[in-house]
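Here is the structure we will look at, set down as structure tokens.
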Amino acid sequence: MPADVTRLELRLRRRSAVGYAAGLALYTLVVVALYPSFKSSTALDSLSGSTAAALFGVTGRLTSPGGWLNGNIYSNFFPLIMLLLTIGYGAACLAGQAEDGTLALMAALPVRRRAIVFQKAWAMALQALLLAAAVTVCVLAGRGFQLAIGPGDAVATAAAVTLMGLDFGLLTMAAGAATGRRGTALGIGASLAAASYLLSTLATTIAGIRPGRYLSLFYWSVGNDQISKGVTIADFAVLTVAGLCALIAAVAAFRRADLN
């Protein structure tokens, strides 16, 4: 049964995963279609650089293709929905199932606990990839609305957001395995994500915390205007290493978990 756990998880989560993807795809299409109406608005560009704009992750000119996508999708709504999906699943897949008693039954099967964590992580990744693919396809449709973004930049930035989502989702999974409580795991994952977001966005306007932006996974995924500048090898390296560390922590915590 090499992938039975993954198939079961996807079957249980298919409606929510499709719902997230469809909803964000619709929002993305609306943003893309509205760009021709705002691309000549000088008033929008005057918002850049303010603290209010920074809170929404807005950097650069909002009327440029990259600035429009960054300010309306990549710096806020796309990561937010991604995190709702991955953190929510990370809290439910171990701690949530432990609370309702189904995880003990799964652990009693002839499957190593490490394999259970790996398969649940793979189920999380597939859900995240569906969401990222939906957004990327809709963004690339923007070429029909004067929104010229290179396919490589769109795919790479979506991949970076996916990795960031998986990082926080796996951290939440590890917290759930360690505590056995879904609410606690959800609180830890959401708090870490919120702190990371604020550290990345406010660093653009508050000089005192600017050096700390390198501690934010948001900075390494979308906080450095990756949709316009491109995603670097360093970005992918940091996000990948963080995810691997979180996965190792989840495996270690689940091995020690008492499911009785």
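Within each chain, counting starts at residue 1; across the structure tokens, chains are named A, B, ... in the order shown, with ligands numbered 1 upward in that order.
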
Please build the interface table for range 1-31 of chain A against range 142-149 of chain A with a cut-off of 10 Å, listing for each qualifying residue the nearest atom pair and the distance in Å to one decimal; count only C-alpha atoms, order rows by chain and increasing number, and write it as a Markdown table.
```
| residue | atom | partner | partner_atom | distance |
| --- | --- | --- | --- | --- |
| A:Thr28 | CA | A:Gly142 | CA | 9.4 |
| A:Leu29 | CA | A:Gly142 | CA | 7.9 |
| A:Val31 | CA | A:Gly142 | CA | 9.1 |
```

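All residues of protein, DNA or RNA that reach within 10 Å of Arg182 in chain A, judged by only C-alpha atoms and not counting those fewer than 4 positions away in the chain, are A:Gly88, A:Gly90, A:Ala91, A:Ala92, A:Cys93, A:Leu94, A:Ala95, A:Gly96, A:Gln97, A:Ala98, A:Glu99, A:Thr172, A:Met173, A:Ala175, A:Gly176, A:Ala177, A:Leu186, A:Gly187, A:Ile188.
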
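One distance worth recording is that between CA of Leu170 in chain A and CA of Val5 in chain A, which is 16.5 Å.
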
List the spatial neighbours of Trp68 in chain A as a list in words - criterion: any atom at most 9 Å away, only C-alpha atoms, same-chain residues fewer than 5 positions off excluded.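 Counting only C-alpha atoms, the residues come to Val31, Val32, Tyr35, Lys39, Val58, Arg61, Leu62, Thr63, Ile73 and Leu147 of chain A.
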
Mind checking DSSP for range 28-257 of chain A and telling me the helix (DSSP H, G or I) residues as an MDAnalysis selection string?
chainID A and resid 28:38 42:45 51:55 65:74 77:100 102:107 113:145 151:179 182:202 207:215 217:223 226:229 233:256

Any chance you could tabulate, as a tab-separated table, the residues of range 67-101 of chain A at most 10 Å from range 195-198 of chain A with each one's nearest atom pair and distance in Å to one decimal, using only C-alpha atoms, in chain and rising number order?
```
residue	atom	partner	partner_atom	distance
A:Ser75	CA	A:Tyr197	CA	9.2
A:Asn76	CA	A:Tyr197	CA	9.0
A:Pro79	CA	A:Tyr197	CA	9.6
A:Leu80	CA	A:Tyr197	CA	9.8
```

Closest of A:Ala190, A:Leu239, A:Ala115, A:Leu34 to Thr86 in chain A - atom-to-atom distances counting only C-alpha atoms
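Answer, going by the shortest atom-to-atom distance: A:Ala190.
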
Practice problem: For Lys229 in chain A, please output as a PyMOL selection string all residues within 12 Å (counting only C-alpha atoms; exclusion window: fewer than 6 positions along the same chain). | Solution: chain A and resi 59-60+66-67+70+149-150+152-154+156-157+221-223+235

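Each of A:Ala107, A:Ile209, A:Ala125, A:Leu84 was compared to Gly189 in chain A using only C-alpha atoms, and A:Leu84 turns out to be the nearest.
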
Separating CA of Ser37 in chain A from CA of Cys138 in chain A, to the nearest tenth of an Å, is a gap of 17.9 Å

For Ser16 in chain A, which residue out of A:Ala128, A:Ala193, A:Val241, A:Ile233 is the nearest one, using only C-alpha atoms?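 Smallest distance to Ser16 in chain A is found for A:Ala128.
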
* Got a sec: who's within 8 Å of Phe236 in chain A, counting only C-alpha atoms, leaving out chain neighbours fewer than 5 positions off, as a ChimeraX atom specification? -> /A:160,220-221,231

inquiry  = Given only C-alpha atoms as the basis, pick out the residue of A:Pro65, A:Gly230, A:Gly23, A:Gly169 nearest to Val135 in chain A.
reply    =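 Smallest distance to Val135 in chain A is found for A:Gly23.
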
Excluding same-chain residues fewer than 5 positions from Ala158 in chain A, what lies within 8 Å of it counting only C-alpha atoms, as a count of residues only? 4

Determine, counting only C-alpha atoms, which protein, DNA and RNA residues have an atom within 12 Å of an atom of Arg11 in chain A; residues of the same chain fewer than 6 positions away are not included. Present the result as a ChimeraX atom specification. /A:4-5,17-18,123,126-127

Kindly save the residues from that selection, with all heavy atoms included, as an mmCIF file, in the first residue's frame.
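See result.cif below for the written result:
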```
data_model
loop_
_atom_site.group_PDB
_atom_site.id
_atom_site.type_symbol
_atom_site.label_atom_id
_atom_site.label_comp_id
_atom_site.auth_asym_id
_atom_site.auth_seq_id
_atom_site.Cartn_x
_atom_site.Cartn_y
_atom_site.Cartn_z
ATOM 1 N N ASP A 4 -1.649 4.452 -0.382
ATOM 2 C CA ASP A 4 -3.038 4.381 0.060
ATOM 3 C C ASP A 4 -3.410 5.558 0.949
ATOM 4 O O ASP A 4 -4.514 6.088 0.872
ATOM 5 C CB ASP A 4 -3.283 3.074 0.815
ATOM 6 C CG ASP A 4 -3.341 1.877 -0.118
ATOM 7 O OD1 ASP A 4 -3.291 2.100 -1.334
ATOM 8 O OD2 ASP A 4 -3.427 0.729 0.370
ATOM 9 N N VAL A 5 -2.488 5.976 1.820
ATOM 10 C CA VAL A 5 -2.773 7.089 2.718
ATOM 11 C C VAL A 5 -2.966 8.373 1.916
ATOM 12 O O VAL A 5 -3.890 9.154 2.183
ATOM 13 C CB VAL A 5 -1.643 7.256 3.749
ATOM 14 C CG1 VAL A 5 -1.873 8.508 4.599
ATOM 15 C CG2 VAL A 5 -1.550 6.030 4.643
ATOM 16 N N ALA A 17 -10.118 21.318 -1.684
ATOM 17 C CA ALA A 17 -8.993 21.669 -2.550
ATOM 18 C C ALA A 17 -9.480 22.280 -3.858
ATOM 19 O O ALA A 17 -8.949 23.303 -4.322
ATOM 20 C CB ALA A 17 -8.143 20.433 -2.830
ATOM 21 N N VAL A 18 -10.489 21.672 -4.448
ATOM 22 C CA VAL A 18 -11.054 22.200 -5.701
ATOM 23 C C VAL A 18 -11.723 23.542 -5.452
ATOM 24 O O VAL A 18 -11.627 24.467 -6.274
ATOM 25 C CB VAL A 18 -12.050 21.195 -6.313
ATOM 26 C CG1 VAL A 18 -12.798 21.815 -7.489
ATOM 27 C CG2 VAL A 18 -11.318 19.932 -6.772
ATOM 28 N N ALA A 123 0.230 14.410 0.052
ATOM 29 C CA ALA A 123 -1.144 14.847 -0.179
ATOM 30 C C ALA A 123 -1.255 16.361 -0.046
ATOM 31 O O ALA A 123 -1.954 17.024 -0.824
ATOM 32 C CB ALA A 123 -2.079 14.157 0.822
ATOM 33 N N LEU A 126 0.241 17.962 -3.239
ATOM 34 C CA LEU A 126 -0.629 17.869 -4.415
ATOM 35 C C LEU A 126 -1.756 18.895 -4.354
ATOM 36 O O LEU A 126 -2.118 19.498 -5.370
ATOM 37 C CB LEU A 126 -1.200 16.457 -4.528
ATOM 38 C CG LEU A 126 -0.186 15.360 -4.900
ATOM 39 C CD1 LEU A 126 -0.844 13.990 -4.868
ATOM 40 C CD2 LEU A 126 0.419 15.625 -6.276
ATOM 41 N N GLN A 127 -2.305 19.114 -3.174
ATOM 42 C CA GLN A 127 -3.342 20.145 -3.024
ATOM 43 C C GLN A 127 -2.778 21.532 -3.301
ATOM 44 O O GLN A 127 -3.411 22.367 -3.966
ATOM 45 C CB GLN A 127 -3.922 20.089 -1.617
ATOM 46 C CG GLN A 127 -4.678 18.819 -1.287
ATOM 47 C CD GLN A 127 -5.088 18.763 0.170
ATOM 48 O OE1 GLN A 127 -5.966 19.517 0.605
ATOM 49 N NE2 GLN A 127 -4.465 17.901 0.949
#
```

Judged by only C-alpha atoms, the minimum distance to Val111 in chain A among A:Ala3, A:Ala207, A:Ala252, A:Ala174 is found for A:Ala3

If you count only C-alpha atoms, the residue of A:Thr205, A:Phe168, A:Ala257, A:Leu163 closest to Val238 in chain A turns out to be A:Leu163
